[in-house]
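Beneath this line is the structure, given in structure tokens, with notes to follow.
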Amino acid sequence: MHSTARRSFALALLLGLQPAQAAEVLGVAFVHGTGVHTNATRDYWQPGIIDSVRQGLPDRRNHVVISCDFDQYMWKPNAAGCLADQLTGFIDRRGISQLVVITHSNGGNVMRWILSNPTYDRRYPKIIRTVRKVTALAPSSAGTPLADAVINGSTFETLLGWLLGKRSDAVRQQQVAHMATYNAQNLYGSAGRPALPTPFRAVVGSDVDSSPTDTDSYCGGYAANLGLEFTQNWLSSCSDGFLDCSSQQAAGSVWFIDTARTQGAEPLSHNQSRRACFGLGTLLRNDLTQ
């Protein structure tokens, strides 16, 4: 055989023996907001939105619902440490190579802590390498005046127990001035700070509907929406009843403001943005592979 032909044959044989590149394994993680949860599927998200989103996975088993103690400061072992532990376990157990993380409210801050501080914990770098993008539903990236009201103990504070609970460290963290400090010193993605290592895109809730004659007001629970319309009086004209739009847009980029993409151009209250309301589950599902 001619030497050139032999070399070509040997190269073809060598290439033929190379192992095929492993296919990417896509997974999705749901990260709850403030509160202590042992079963966030039932107590925070509810199955409807989770089932809707996971239908967009090539393997529907590749999803995890995080359940941690997010009443703590974001960097604490029971908060970011718990999140890191559960994400790492999921990645290893299911062989996830690309992870989409869907957060709600303060969960976005806990996730942003991990993305912003790769040397803080030995588990963080692997998570950062695996995360493809974060979809932050109504993230409290710049805090909320309602947290200030609770911590300051105003008379208004007694009306906020159903929304924020006790004066936890997570509530202290979400005071407006406190979040300004964290954004300036500890977190990436906000104005004037380094970019996050992966896309962090916010879905912004801009209003609350609670008319008893409007069936849309019952998605996510009418009583909750009624309460959020009340608390909206202490926020700007653009808010979801818990967070000003400006807070939700303070880190990363905006994927969309609710009415631009929801069915019927309906706004998403803070409670509705963690439910399968107005086609949100479908929007999140279709975005998984984008």
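Please note that chains go A, B, ... in the order of the structure tokens, that every chain numbers its residues from 1, and that ligands are numbered from 1 in the order shown.
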Checklist entry - Which polymer residues have any atom within 9 Å of an atom of Leu87 in chain A, counting only C-alpha atoms, with same-chain residues fewer than 6 positions away left out, as a ChimeraX atom specification? => result /A:29,64,66,127
In range 4-218 of chain A, what's strand (DSSP E) per DSSP? Answer as a PDB file with C-alpha atoms, in the first residue's frame?
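This is the output file result16.pdb:
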ATOM      1  CA  LEU A  26     -30.266  19.407  30.139  1.00  0.00           C
ATOM      2  CA  GLY A  27     -31.785  19.920  33.577  1.00  0.00           C
ATOM      3  CA  VAL A  28     -33.868  22.550  35.337  1.00  0.00           C
ATOM      4  CA  ALA A  29     -33.862  23.618  38.978  1.00  0.00           C
ATOM      5  CA  PHE A  30     -36.592  25.598  40.764  1.00  0.00           C
ATOM      6  CA  VAL A  31     -35.295  27.869  43.537  1.00  0.00           C
ATOM      7  CA  HIS A  63     -35.662  18.517  37.287  1.00  0.00           C
ATOM      8  CA  VAL A  64     -35.174  19.368  40.941  1.00  0.00           C
ATOM      9  CA  VAL A  65     -37.153  21.548  43.326  1.00  0.00           C
ATOM     10  CA  GLN A  98     -26.383  22.201  31.198  1.00  0.00           C
ATOM     11  CA  LEU A  99     -28.570  23.566  33.966  1.00  0.00           C
ATOM     12  CA  VAL A 100     -31.328  26.153  33.686  1.00  0.00           C
ATOM     13  CA  VAL A 101     -32.128  27.675  37.071  1.00  0.00           C
ATOM     14  CA  ILE A 102     -35.546  29.251  37.632  1.00  0.00           C
ATOM     15  CA  THR A 103     -35.634  31.429  40.751  1.00  0.00           C
ATOM     16  CA  HIS A 104     -38.376  33.416  42.415  1.00  0.00           C
ATOM     17  CA  VAL A 131     -25.443  26.715  34.804  1.00  0.00           C
ATOM     18  CA  ARG A 132     -26.537  27.716  31.318  1.00  0.00           C
ATOM     19  CA  LYS A 133     -28.780  30.576  32.413  1.00  0.00           C
ATOM     20  CA  VAL A 134     -30.849  31.844  35.309  1.00  0.00           C
ATOM     21  CA  THR A 135     -34.440  32.881  34.744  1.00  0.00           C
ATOM     22  CA  ALA A 136     -35.273  35.125  37.685  1.00  0.00           C
ATOM     23  CA  LEU A 137     -38.996  35.520  38.276  1.00  0.00           C
ATOM     24  CA  PHE A 200     -29.393  36.271  34.543  1.00  0.00           C
ATOM     25  CA  ARG A 201     -32.692  37.360  32.981  1.00  0.00           C
ATOM     26  CA  ALA A 202     -35.588  38.837  34.917  1.00  0.00           C
ATOM     27  CA  VAL A 203     -39.299  38.372  34.349  1.00  0.00           C
ATOM     28  CA  VAL A 204     -40.820  41.561  35.774  1.00  0.00           C
TER      29      VAL A 204
END
Which residues of range 187-242 of chain A have any atom within 12 Å of an atom in range 257-271 of chain A when counting only C-alpha atoms, and what is the closest pair of atoms for each, with the distance in Å to one decimal? Order the rows by chain and rising number and write it as JSON lines.
{"residue": "A:Arg201", "atom": "CA", "partner": "A:Ile257", "partner_atom": "CA", "distance": 10.9}
{"residue": "A:Ala202", "atom": "CA", "partner": "A:Ile257", "partner_atom": "CA", "distance": 8.3}
{"residue": "A:Val203", "atom": "CA", "partner": "A:Ile257", "partner_atom": "CA", "distance": 5.9}
{"residue": "A:Val204", "atom": "CA", "partner": "A:Ile257", "partner_atom": "CA", "distance": 4.6}
{"residue": "A:Gly205", "atom": "CA", "partner": "A:Leu268", "partner_atom": "CA", "distance": 4.9}
{"residue": "A:Ser206", "atom": "CA", "partner": "A:Pro267", "partner_atom": "CA", "distance": 6.0}
{"residue": "A:Asp207", "atom": "CA", "partner": "A:Pro267", "partner_atom": "CA", "distance": 5.4}
{"residue": "A:Val208", "atom": "CA", "partner": "A:Ser269", "partner_atom": "CA", "distance": 4.9}
{"residue": "A:Asp209", "atom": "CA", "partner": "A:Pro267", "partner_atom": "CA", "distance": 7.4}
{"residue": "A:Ser210", "atom": "CA", "partner": "A:Ser269", "partner_atom": "CA", "distance": 9.6}
{"residue": "A:Asp214", "atom": "CA", "partner": "A:Glu266", "partner_atom": "CA", "distance": 11.4}
{"residue": "A:Thr215", "atom": "CA", "partner": "A:Glu266", "partner_atom": "CA", "distance": 11.5}
{"residue": "A:Asp216", "atom": "CA", "partner": "A:Glu266", "partner_atom": "CA", "distance": 8.0}
{"residue": "A:Ser217", "atom": "CA", "partner": "A:Ser269", "partner_atom": "CA", "distance": 9.4}
{"residue": "A:Tyr218", "atom": "CA", "partner": "A:Asn271", "partner_atom": "CA", "distance": 10.8}
{"residue": "A:Cys219", "atom": "CA", "partner": "A:Asn271", "partner_atom": "CA", "distance": 8.9}
{"residue": "A:Gly220", "atom": "CA", "partner": "A:Asn271", "partner_atom": "CA", "distance": 6.1}
{"residue": "A:Gly221", "atom": "CA", "partner": "A:Asn271", "partner_atom": "CA", "distance": 8.1}
{"residue": "A:Tyr222", "atom": "CA", "partner": "A:Asn271", "partner_atom": "CA", "distance": 10.0}
{"residue": "A:Ala223", "atom": "CA", "partner": "A:Asn271", "partner_atom": "CA", "distance": 10.5}
{"residue": "A:Ala224", "atom": "CA", "partner": "A:Asn271", "partner_atom": "CA", "distance": 7.0}
{"residue": "A:Asn225", "atom": "CA", "partner": "A:Ser269", "partner_atom": "CA", "distance": 6.8}
{"residue": "A:Leu226", "atom": "CA", "partner": "A:Ser269", "partner_atom": "CA", "distance": 10.0}
{"residue": "A:Gly227", "atom": "CA", "partner": "A:Asn271", "partner_atom": "CA", "distance": 10.2}
{"residue": "A:Leu228", "atom": "CA", "partner": "A:Ser269", "partner_atom": "CA", "distance": 7.3}
{"residue": "A:Glu229", "atom": "CA", "partner": "A:Ser269", "partner_atom": "CA", "distance": 8.5}
{"residue": "A:Phe230", "atom": "CA", "partner": "A:Ser269", "partner_atom": "CA", "distance": 11.8}
{"residue": "A:Thr231", "atom": "CA", "partner": "A:His270", "partner_atom": "CA", "distance": 11.0}
{"residue": "A:Gln232", "atom": "CA", "partner": "A:Ser269", "partner_atom": "CA", "distance": 10.0}
{"residue": "A:Cys238", "atom": "CA", "partner": "A:Pro267", "partner_atom": "CA", "distance": 10.4}
{"residue": "A:Ser239", "atom": "CA", "partner": "A:Ser269", "partner_atom": "CA", "distance": 8.1}
{"residue": "A:Asp240", "atom": "CA", "partner": "A:Ser269", "partner_atom": "CA", "distance": 4.5}
{"residue": "A:Gly241", "atom": "CA", "partner": "A:His270", "partner_atom": "CA", "distance": 6.2}
{"residue": "A:Phe242", "atom": "CA", "partner": "A:His270", "partner_atom": "CA", "distance": 6.2}
Go ahead and write the selection's residues with C-alpha atoms as a PDB file, in the first residue's frame.
ATOM      1  CA  ARG A 201     -32.692  37.360  32.981  1.00  0.00           C
ATOM      2  CA  ALA A 202     -35.588  38.837  34.917  1.00  0.00           C
ATOM      3  CA  VAL A 203     -39.299  38.372  34.349  1.00  0.00           C
ATOM      4  CA  VAL A 204     -40.820  41.561  35.774  1.00  0.00           C
ATOM      5  CA  GLY A 205     -44.235  41.745  37.417  1.00  0.00           C
ATOM      6  CA  SER A 206     -45.741  45.182  36.845  1.00  0.00           C
ATOM      7  CA  ASP A 207     -49.177  45.274  38.505  1.00  0.00           C
ATOM      8  CA  VAL A 208     -51.791  43.462  40.594  1.00  0.00           C
ATOM      9  CA  ASP A 209     -55.373  42.691  39.632  1.00  0.00           C
ATOM     10  CA  SER A 210     -57.809  41.758  42.385  1.00  0.00           C
ATOM     11  CA  ASP A 214     -62.385  39.158  37.131  1.00  0.00           C
ATOM     12  CA  THR A 215     -61.538  35.445  36.986  1.00  0.00           C
ATOM     13  CA  ASP A 216     -57.881  36.297  36.296  1.00  0.00           C
ATOM     14  CA  SER A 217     -57.667  37.727  39.818  1.00  0.00           C
ATOM     15  CA  TYR A 218     -58.143  34.231  41.234  1.00  0.00           C
ATOM     16  CA  CYS A 219     -55.046  32.687  39.651  1.00  0.00           C
ATOM     17  CA  GLY A 220     -52.619  32.118  42.498  1.00  0.00           C
ATOM     18  CA  GLY A 221     -55.333  32.796  45.080  1.00  0.00           C
ATOM     19  CA  TYR A 222     -57.678  35.748  45.270  1.00  0.00           C
ATOM     20  CA  ALA A 223     -56.906  36.539  48.919  1.00  0.00           C
ATOM     21  CA  ALA A 224     -53.181  36.769  48.193  1.00  0.00           C
ATOM     22  CA  ASN A 225     -53.758  39.059  45.216  1.00  0.00           C
ATOM     23  CA  LEU A 226     -56.070  41.256  47.281  1.00  0.00           C
ATOM     24  CA  GLY A 227     -53.359  41.589  49.918  1.00  0.00           C
ATOM     25  CA  LEU A 228     -50.744  42.403  47.297  1.00  0.00           C
ATOM     26  CA  GLU A 229     -52.949  45.105  45.828  1.00  0.00           C
ATOM     27  CA  PHE A 230     -53.122  46.623  49.318  1.00  0.00           C
ATOM     28  CA  THR A 231     -49.337  46.548  49.823  1.00  0.00           C
ATOM     29  CA  GLN A 232     -48.938  48.067  46.365  1.00  0.00           C
ATOM     30  CA  CYS A 238     -45.012  49.838  38.600  1.00  0.00           C
ATOM     31  CA  SER A 239     -44.854  46.964  41.077  1.00  0.00           C
ATOM     32  CA  ASP A 240     -46.090  43.423  41.644  1.00  0.00           C
ATOM     33  CA  GLY A 241     -47.389  44.179  45.136  1.00  0.00           C
ATOM     34  CA  PHE A 242     -44.107  43.209  46.808  1.00  0.00           C
TER      35      PHE A 242
END
